[in-house]
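Participant: So here's entry14.txt (compact mmCIF, C-alpha atoms).
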```
# COMPACT_ATOMS: atom_id res chain seq x y z
CA MET A 1 95.48 -63.35 -1.56
CA GLN A 2 99.08 -64.42 -0.92
CA ALA A 3 100.03 -63.54 -4.51
CA LYS A 4 98.46 -60.09 -4.20
CA THR A 5 100.27 -59.51 -0.90
CA ASP A 6 103.57 -60.51 -2.49
CA ARG A 7 103.03 -58.09 -5.39
CA LEU A 8 102.17 -55.27 -2.99
CA ASN A 9 105.31 -56.01 -0.96
CA THR A 10 107.46 -56.05 -4.11
CA PHE A 11 106.13 -52.75 -5.46
CA ALA A 12 106.48 -51.15 -2.02
CA ARG A 13 110.15 -52.09 -1.83
CA GLN A 14 110.76 -50.61 -5.29
CA VAL A 15 109.85 -47.17 -3.94
CA GLY A 16 111.62 -47.58 -0.61
CA LEU A 17 108.62 -48.67 1.47
CA SER A 18 107.98 -51.77 3.55
CA ILE A 19 104.94 -53.43 5.11
CA ASN A 20 104.89 -53.22 8.90
CA THR A 21 103.68 -56.70 9.84
CA SER A 22 103.00 -55.70 13.45
CA LYS A 23 100.43 -53.16 12.22
CA THR A 24 98.95 -55.23 9.38
CA GLN A 25 95.90 -57.43 9.93
CA VAL A 26 93.79 -59.67 7.70
CA LEU A 27 89.97 -59.66 7.76
CA CYS A 28 88.01 -62.18 5.69
CA VAL A 29 84.52 -60.81 4.99
CA ASN A 30 81.78 -63.45 4.65
CA SER A 31 84.39 -66.19 4.22
CA THR A 32 86.65 -68.44 6.30
CA PRO A 33 90.46 -68.23 5.95
CA THR A 34 91.99 -71.51 4.76
CA GLN A 35 95.68 -70.63 4.58
CA PRO A 36 97.96 -68.17 6.42
CA ILE A 37 99.26 -65.08 4.62
CA PHE A 38 102.93 -64.13 4.94
CA VAL A 39 105.02 -61.02 4.43
CA ASP A 40 108.69 -61.92 4.15
CA GLU A 41 107.95 -65.30 5.78
CA GLU A 42 106.25 -63.61 8.73
CA PRO A 43 102.57 -64.56 9.18
CA LEU A 44 99.94 -61.83 9.36
CA GLU A 45 97.32 -61.78 12.10
CA PHE A 46 93.75 -62.80 11.20
CA VAL A 47 91.07 -60.78 13.01
CA GLU A 48 87.27 -60.86 13.22
CA ASP A 49 86.87 -57.08 13.04
CA LEU A 50 88.99 -54.01 12.47
CA THR A 51 88.67 -50.24 12.30
CA TYR A 52 89.08 -48.69 8.84
CA LEU A 53 88.61 -44.96 8.14
CA GLY A 54 86.93 -44.57 11.50
CA SER A 55 84.36 -47.35 10.99
CA LEU A 56 84.36 -50.81 12.57
CA ILE A 57 84.15 -53.57 9.95
CA SER A 58 83.32 -57.12 11.05
CA LYS A 59 83.83 -60.47 9.34
CA ASP A 60 80.11 -60.86 8.60
CA SER A 61 80.13 -57.43 6.83
CA GLY A 62 77.49 -56.11 9.21
CA ALA A 63 77.42 -52.61 10.66
CA SER A 64 75.94 -53.51 14.08
CA LYS A 65 79.31 -53.58 15.87
CA ASP A 66 80.28 -50.23 14.37
CA ILE A 67 76.97 -48.68 15.41
CA LYS A 68 77.28 -50.03 18.97
CA ALA A 69 80.87 -48.82 19.23
CA ARG A 70 79.95 -45.33 18.13
CA LEU A 71 76.95 -45.25 20.46
CA GLY A 72 79.31 -46.14 23.28
CA MET A 73 81.60 -43.26 22.34
CA ALA A 74 78.70 -40.84 22.37
CA GLN A 75 77.41 -42.10 25.70
CA ALA A 76 80.85 -41.60 27.25
CA TYR A 77 80.26 -37.85 27.36
CA ASN A 78 76.73 -37.51 25.95
CA ASP A 79 77.59 -34.17 24.35
CA ILE A 80 76.46 -34.87 20.79
CA SER A 81 73.08 -35.67 19.28
CA VAL A 82 72.72 -37.04 15.76
CA GLU A 83 69.66 -36.84 13.51
CA CYS A 84 69.79 -39.22 10.55
CA GLY A 85 67.46 -37.63 8.01
CA THR A 86 66.36 -38.83 4.57
CA ALA A 87 68.29 -36.07 2.77
CA SER A 88 70.83 -34.86 5.33
CA ILE A 89 72.51 -35.59 8.66
CA SER A 90 72.32 -33.02 11.47
CA LEU A 91 74.63 -32.84 14.48
CA ALA A 92 74.17 -30.80 17.68
CA ILE A 93 77.13 -30.49 20.08
CA LEU A 94 76.74 -28.99 23.55
CA TYR A 95 78.63 -25.69 23.59
CA CYS A 96 79.41 -25.39 27.30
CA PRO A 97 82.01 -28.21 27.40
CA VAL A 98 83.61 -26.69 24.29
CA LEU A 99 83.98 -23.33 26.01
CA HIS A 100 85.17 -24.96 29.23
CA THR A 101 87.99 -26.69 27.32
CA GLY A 102 89.12 -23.37 25.83
CA TYR A 103 87.65 -23.52 22.31
CA ASN A 104 84.91 -21.59 20.51
CA SER A 105 82.42 -22.75 17.88
CA SER A 106 84.70 -21.84 14.96
CA GLN A 107 87.35 -24.22 16.29
CA LEU A 108 85.19 -27.31 15.85
CA VAL A 109 86.03 -28.87 12.49
CA LEU A 110 84.00 -31.54 10.68
CA ASN A 111 86.17 -34.30 9.18
CA HIS A 112 89.17 -31.93 8.94
CA VAL A 113 87.28 -29.75 6.42
CA SER A 114 88.10 -26.23 7.60
CA ASP A 115 87.92 -24.29 4.32
CA GLU A 116 84.34 -25.10 3.27
CA PRO A 117 81.61 -22.81 4.71
CA SER A 118 78.89 -25.45 4.24
CA CYS A 119 80.81 -27.78 6.59
CA ALA A 120 81.31 -25.20 9.35
CA GLY A 121 79.39 -25.32 12.61
CA THR A 122 76.82 -22.70 13.60
CA LEU A 123 76.36 -21.57 17.21
CA ASP A 124 72.71 -21.79 18.23
CA GLU A 125 72.29 -19.75 21.42
CA SER A 126 68.50 -19.97 21.21
CA ALA A 127 68.71 -23.64 22.20
CA SER A 128 68.72 -24.51 25.88
CA PRO A 129 71.50 -25.28 26.53
CA PRO A 130 73.32 -23.67 23.56
CA VAL A 131 74.67 -26.04 20.90
CA VAL A 132 76.90 -25.95 17.83
CA ARG A 133 75.01 -27.32 14.83
CA PHE A 134 76.36 -29.06 11.73
CA THR A 135 74.18 -30.12 8.79
CA PHE A 136 75.41 -31.79 5.62
CA SER A 137 73.92 -33.60 2.66
CA LEU A 138 73.78 -37.37 2.17
CA ASN A 139 75.21 -36.75 -1.29
CA LYS A 140 78.72 -38.18 -1.22
CA THR A 141 80.16 -35.18 -3.07
CA SER A 142 78.83 -32.68 -0.50
CA SER A 143 78.95 -34.72 2.72
CA CYS A 144 82.02 -32.94 4.15
CA LEU A 145 84.26 -36.00 3.60
CA SER A 146 82.01 -38.35 5.58
CA HIS A 147 82.86 -42.01 5.09
CA PHE A 148 80.38 -44.12 3.07
CA ILE A 149 80.68 -47.87 3.60
CA THR A 150 78.17 -50.24 1.99
CA THR A 151 77.80 -53.67 3.58
CA SER A 152 75.76 -56.72 2.58
CA ALA A 153 74.03 -59.45 4.54
CA VAL A 154 71.48 -62.19 4.04
CA GLY A 155 67.91 -60.87 4.21
CA GLN A 156 65.70 -61.54 7.21
CA GLY A 157 61.90 -61.54 7.69
CA VAL A 158 60.05 -60.26 4.61
CA PHE A 159 63.44 -59.95 2.88
CA SER A 160 64.46 -63.56 3.56
CA ALA A 161 64.17 -64.48 -0.13
CA PHE A 162 67.18 -62.29 -0.90
CA SER A 163 70.81 -63.14 -0.23
CA ASN A 164 72.17 -59.62 -0.69
CA ILE A 165 70.53 -56.94 1.47
CA GLN A 166 72.66 -53.81 1.62
CA THR A 167 73.13 -51.11 4.25
CA VAL A 168 75.14 -47.93 3.82
CA ASN A 169 76.89 -46.58 6.93
CA ILE A 170 77.79 -42.87 6.89
CA SER A 171 80.24 -41.83 9.57
CA GLY A 172 82.82 -39.26 10.57
CA ALA A 173 83.94 -37.01 13.41
CA VAL A 174 83.98 -33.42 14.62
CA ARG A 175 87.31 -32.48 16.20
CA SER A 176 88.65 -29.45 17.93
CA TYR A 177 91.27 -27.34 16.15
CA ASP A 178 93.97 -25.97 18.44
CA ILE A 179 95.35 -22.63 17.21
CA SER A 180 98.01 -22.52 19.94
CA THR A 181 101.53 -21.85 18.72
CA GLY A 182 104.66 -23.36 20.13
CA THR A 183 105.67 -26.88 21.08
CA VAL A 184 103.07 -27.80 23.70
CA THR A 185 99.43 -27.08 24.50
CA TYR A 186 97.34 -27.38 27.65
CA LYS A 187 94.02 -27.87 25.86
CA ALA A 188 92.44 -31.29 25.68
CA GLU A 189 91.52 -32.48 22.19
CA LEU A 190 87.76 -32.87 21.65
CA LYS A 191 86.37 -35.62 19.43
CA TYR A 192 82.70 -36.19 18.60
CA TYR A 193 81.88 -39.23 16.46
CA TYR A 194 78.71 -39.74 14.47
CA SER A 195 77.34 -42.64 12.47
CA CYS A 196 74.09 -43.21 10.56
CA ALA A 197 73.08 -46.55 9.06
CA TYR A 198 70.63 -46.51 6.16
CA PRO A 199 69.11 -49.77 4.92
CA LEU A 200 68.92 -49.84 1.13
CA GLU A 201 66.02 -52.31 0.96
CA TYR A 202 62.47 -51.24 1.78
CA LEU A 203 58.99 -52.69 1.66
CA ILE A 204 56.29 -50.54 0.09
CA ASN A 205 52.83 -51.92 0.81
CA ASN A 206 50.48 -48.98 0.68
CA THR A 207 48.13 -49.76 -2.22
CA ARG A 208 44.84 -51.59 -1.81
CA VAL A 209 43.05 -53.11 -4.79
CA ASP A 210 39.35 -54.02 -4.65
CA VAL A 211 38.11 -56.35 -7.40
CA SER A 212 34.50 -57.29 -8.09
CA ALA A 213 33.35 -60.03 -10.45
CA SER A 214 34.16 -57.92 -13.50
CA SER A 215 35.80 -54.79 -12.18
CA ILE A 216 38.69 -53.45 -10.16
CA ALA A 217 38.71 -50.48 -7.80
CA VAL A 218 41.75 -48.92 -6.18
CA ARG A 219 42.26 -46.93 -2.99
CA ASP A 220 45.72 -45.41 -3.03
CA LYS A 221 46.76 -44.16 0.42
CA ASN A 222 49.89 -42.52 -0.97
CA GLY A 223 51.80 -43.70 2.07
CA SER A 224 55.27 -45.15 2.16
CA PHE A 225 57.60 -47.25 4.26
CA ILE A 226 60.03 -44.34 4.42
CA SER A 227 59.29 -40.70 3.76
CA THR A 228 61.19 -40.61 0.48
CA LEU A 229 59.42 -43.55 -1.23
CA THR A 230 55.91 -43.56 -2.69
CA MET A 231 53.84 -45.94 -4.79
CA LYS A 232 51.29 -44.60 -7.30
CA LEU A 233 49.03 -46.18 -9.90
CA PHE A 234 48.37 -44.84 -13.40
CA SER A 235 46.08 -45.72 -16.29
CA ASP A 236 48.45 -44.91 -19.18
CA VAL A 237 51.87 -46.09 -20.36
CA ASN A 238 53.26 -42.55 -20.08
CA TYR A 239 52.44 -42.46 -16.36
CA THR A 240 50.73 -39.09 -16.67
CA THR A 241 47.12 -39.98 -15.76
CA PRO A 242 46.54 -41.23 -12.20
CA LEU A 243 44.26 -44.27 -12.06
CA VAL A 244 40.77 -43.10 -11.09
CA MET A 245 38.03 -45.69 -10.70
CA PRO A 246 34.66 -45.16 -12.45
CA SER A 247 31.58 -46.01 -10.39
CA ASN A 248 31.31 -49.45 -11.99
CA GLY A 249 35.05 -50.11 -11.90
CA VAL A 250 37.22 -51.31 -14.76
CA GLU A 251 37.25 -54.61 -16.59
CA LEU A 252 39.47 -57.50 -15.61
CA ARG A 253 42.63 -57.69 -17.74
CA THR A 254 42.79 -53.90 -17.79
CA ARG A 255 46.46 -52.94 -17.67
CA ILE A 256 47.43 -51.07 -14.50
CA TYR A 257 50.66 -49.07 -14.38
CA VAL A 258 52.61 -48.93 -11.11
CA GLN A 259 55.33 -46.44 -10.21
CA VAL A 260 57.58 -46.51 -7.15
CA GLU A 261 59.49 -43.24 -6.87
CA ALA A 262 62.10 -41.88 -4.47
CA LYS A 263 61.98 -38.20 -3.60
CA ASN A 264 64.99 -36.25 -2.29
CA LEU A 265 67.24 -39.16 -3.17
CA THR A 266 70.94 -38.38 -3.39
CA GLU A 267 72.38 -38.64 -6.87
CA GLN A 268 74.49 -41.75 -6.25
CA TYR A 269 71.43 -44.01 -5.84
CA HIS A 270 68.75 -45.37 -8.19
CA VAL A 271 65.55 -47.27 -7.44
CA LEU A 272 65.63 -51.01 -8.16
CA LEU A 273 62.49 -53.09 -7.67
CA ASP A 274 63.53 -56.55 -6.47
CA ARG A 275 60.09 -58.06 -6.10
CA CYS A 276 56.47 -56.91 -6.39
CA TYR A 277 53.54 -59.12 -5.45
CA ALA A 278 49.86 -59.09 -4.48
CA SER A 279 48.33 -60.67 -1.37
CA ILE A 280 44.82 -61.01 -0.02
CA SER A 281 45.96 -59.55 3.31
CA PRO A 282 47.47 -56.13 4.01
CA GLU A 283 50.21 -57.98 5.88
CA PRO A 284 53.19 -58.57 3.56
CA THR A 285 53.71 -62.09 4.98
CA SER A 286 50.27 -63.32 3.92
CA THR A 287 50.16 -67.01 2.99
CA THR A 288 48.15 -66.31 -0.18
CA TYR A 289 50.03 -64.15 -2.64
CA PHE A 290 50.88 -63.86 -6.32
CA ASN A 291 54.27 -62.73 -7.62
CA LEU A 292 54.08 -60.11 -10.35
CA PHE A 293 57.86 -60.43 -10.66
CA VAL A 294 60.88 -61.54 -8.65
CA ALA A 295 64.26 -60.24 -9.86
CA CYS A 296 64.60 -61.47 -13.47
CA ASP A 297 61.54 -63.75 -13.35
CA LYS A 298 58.11 -62.25 -13.98
CA ASP A 299 54.56 -63.28 -14.68
CA GLN A 300 53.72 -63.44 -18.38
CA ASN A 301 51.22 -60.59 -18.00
CA THR A 302 53.67 -58.30 -16.20
CA GLU A 303 55.73 -55.82 -18.20
CA MET A 304 58.79 -54.00 -16.85
CA HIS A 305 59.08 -50.42 -18.13
CA GLU A 306 61.92 -48.97 -16.02
CA ASN A 307 64.01 -50.49 -13.28
CA GLY A 308 67.40 -49.49 -11.89
CA GLN A 309 67.94 -46.65 -14.39
CA SER A 310 66.68 -43.68 -12.37
CA THR A 311 64.99 -42.63 -9.12
CA ARG A 312 61.82 -44.47 -10.09
CA GLY A 313 60.79 -48.00 -10.97
CA ARG A 314 57.88 -48.69 -13.32
CA PHE A 315 55.96 -51.79 -14.36
CA SER A 316 52.44 -52.79 -15.37
CA PHE A 317 50.18 -55.80 -14.89
CA GLN A 318 46.71 -56.92 -15.93
CA ALA A 319 43.90 -56.77 -13.36
CA PHE A 320 43.11 -60.24 -11.98
CA ARG A 321 41.22 -62.00 -9.18
CA PHE A 322 42.36 -64.51 -6.58
CA ILE A 323 40.66 -67.89 -7.03
CA GLU A 324 40.30 -68.13 -3.25
CA GLN A 325 37.92 -65.15 -3.38
CA GLN A 326 35.90 -66.21 -6.42
CA ASN A 327 32.65 -66.59 -4.44
CA GLU A 328 32.89 -63.15 -2.85
CA THR A 329 31.02 -60.17 -4.25
CA LEU A 330 34.05 -57.96 -3.72
CA SER A 331 37.55 -59.37 -3.85
CA THR A 332 40.30 -57.33 -2.25
CA TYR A 333 44.05 -57.67 -2.52
CA TYR A 334 47.07 -55.52 -1.73
CA LEU A 335 50.19 -54.64 -3.70
CA HIS A 336 53.64 -54.85 -2.09
CA CYS A 337 57.03 -53.97 -3.59
CA ILE A 338 60.42 -54.82 -2.13
CA THR A 339 62.51 -51.85 -3.25
CA ARG A 340 66.26 -51.44 -3.22
CA LEU A 341 68.18 -48.16 -3.35
CA CYS A 342 71.26 -49.26 -5.29
CA GLU A 343 74.45 -47.40 -6.03
CA ILE A 344 74.43 -46.41 -9.71
CA THR A 345 77.58 -48.40 -10.45
CA THR A 346 76.14 -51.64 -9.03
CA CYS A 347 72.47 -51.49 -10.08
CA SER A 348 72.89 -53.56 -13.24
CA SER A 349 74.80 -56.35 -11.49
CA LEU A 350 72.25 -56.54 -8.68
CA GLN A 351 69.40 -56.63 -11.16
CA LEU A 352 70.87 -59.41 -13.26
CA HIS A 353 72.77 -61.60 -10.84
CA THR A 354 71.31 -61.29 -7.33
CA PRO A 355 70.35 -64.84 -6.21
CA VAL A 356 66.77 -65.14 -5.01
CA THR A 357 64.35 -67.85 -4.02
CA LEU A 358 61.35 -67.84 -6.34
CA LEU A 359 58.11 -67.82 -4.35
CA HIS A 360 54.90 -69.34 -5.70
CA LEU A 361 51.19 -68.81 -5.17
CA GLN A 362 49.79 -70.83 -2.29
CA ASP A 363 46.14 -71.71 -1.85
```
Mind turning the file's structure into structure tokens?
Facilitator:
Amino acid sequence: MQAKTDRLNTFARQVGLSINTSKTQVLCVNSTPTQPIFVDEEPLEFVEDLTYLGSLISKDSGASKDIKARLGMAQAYNDISVECGTASISLAILYCPVLHTGYNSSQLVLNHVSDEPSCAGTLDESASPPVVRFTFSLNKTSSCLSHFITTSAVGQGVFSAFSNIQTVNISGAVRSYDISTGTVTYKAELKYYYSCAYPLEYLINNTRVDVSASSIAVRDKNGSFISTLTMKLFSDVNYTTPLVMPSNGVELRTRIYVQVEAKNLTEQYHVLLDRCYASISPEPTSTTYFNLFVACDKDQNTEMHENGQSTRGRFSFQAFRFIEQQNETLSTYYLHCITRLCEITTCSSLQLHTPVTLLHLQD
């Protein structure tokens, strides 16, 4: 880090610039500093968190401090409401304080974007009280210059087997635009901050599998952990024929095709299946389970068809029974998939190199 700082300082001086050490801080993310860093023999300050592009970044790379800070800003005047949707973010700003300060709805600007109609606010006088509404896409290219910051942390709970659980924080601000001419103004500047945190790891556990001594039956609830993710079962490798059970079920070892798909997903993310497993309980933390695959390790009868290349993940497995239920007339187990929404540029590295703890079947 010292060598990089020295190079930056050298190149800056070549173009007539210098590093202001009083305004420069050092933040070590997920690591502990071992040596001081100097600029022209003057040590730089090490900090545990700092504000960058309007977002608060902490040394553990988490977004909790940033979220709390922004909530505190909103509570200070309680004039903005934020809806963090699956495809867009919506803001509603009380109009009365805007008018009282001497502005109108057209003078509220989202992230300094004043020349894009899709980023402009709309006055809603039908609301009580009236509000100025802003709505923009979660797609980075049409998010009105919102800031996207992806952070990583060690997984907790059902995700505890994974060392790299990501969250994307989308943030920005609506500010007033003062059209006054001259040297001074008597209008106060208005600032409304927003922030939405989206976890990129989800648990899909909506598919129940009933297995008799020589057959398997499926009840697919078509539910999902979040509204954009669904799990479906198919009977063919082309994933065109939904799996429909005959009255006497299907034979054991019949290949079942599973698809996890994201709807309304912004174009910068793909679906990456980190782990899929079966358990005898609908609870994902059941003590009896069988891993169909975990990261790069998979059962010999599991085949991966698509993973991390698009907005869907696909794999297949052969119908089986749990030994624990061998004396039961009807054996039931449930499918669960831990699903990651990964940025397209990082999907391959997460798929190949993410450290995991391999979990084994327990009796």
Participant: For range 302-319 of chain A, please output as an NGL selection string all residues within 7 Å (counting only C-alpha atoms; exclusion window: fewer than 6 positions along the same chain).
Facilitator: :A and (216 or 252-262 or 270-273 or 292 or 347-348)
Participant: Taking all atoms listed in the file into account, name the residue in A:Ile89, A:Leu17, A:Leu94, A:Val168 that is nearest to Ser143 in chain A.
Facilitator: A:Ile89
Participant: I need the residue nearest Arg13 in chain A from this list: A:Ser31, A:Thr346, A:Val174, A:Asp40. Use only C-alpha atoms for the distance.
Facilitator: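 Among A:Ser31, A:Thr346, A:Val174, A:Asp40, it is A:Asp40 that comes nearest to Arg13 in chain A.
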Participant: Between CA of Glu116 in chain A and CA of Ser81 in chain A, what distance in Å does the model show, to one decimal?
Facilitator: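 So the answer is 22.2 Å.
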Participant: So, counting only C-alpha atoms, which residue among A:Ile80, A:Val132, A:Cys337, A:Cys276 is closest to Tyr194 in chain A?
Facilitator: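 Distance minimum relative to Tyr194 in chain A lands on A:Ile80.
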Participant: Give the answer as one residue: which of A:Lys191, A:Lys298, A:His336, A:Lys59 has the shortest atom-to-atom distance to Arg175 in chain A, using all atoms listed in the file?
Facilitator: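 Among A:Lys191, A:Lys298, A:His336, A:Lys59, it is A:Lys191 that comes nearest to Arg175 in chain A.
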Participant: Just to confirm, what's the straight-line distance from CA of Asn78 in chain A to CA of Asp178 in chain A in Å (one decimal)?
Facilitator: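 About the pair CA of Asn78 in chain A and CA of Asp178 in chain A: they are 22.1 Å apart.
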Participant: Need the shell around Val131 in chain A: protein/DNA/RNA residues with any atom at most 6 Å away, counting all atoms listed in the file. Skip same-chain ones fewer than 5 positions apart. Format as a PDB file with C-alpha atoms, in the frame of the given file?
Facilitator:
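Below you can see result.pdb, which holds the result:
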```
ATOM      1  CA  ALA A  92      74.170 -30.800  17.680  1.00  0.00           C
ATOM      2  CA  ILE A  93      77.130 -30.490  20.080  1.00  0.00           C
ATOM      3  CA  LEU A  94      76.740 -28.990  23.550  1.00  0.00           C
ATOM      4  CA  TYR A  95      78.630 -25.690  23.590  1.00  0.00           C
ATOM      5  CA  ASP A 124      72.710 -21.790  18.230  1.00  0.00           C
TER       6      ASP A 124
END
```
Participant: From the set A:Leu99, A:Met1, A:Val244, A:Leu335, which residue has the shortest atom-to-atom contact distance to Ala188 in chain A, counting all atoms listed in the file?
Facilitator: A:Leu99
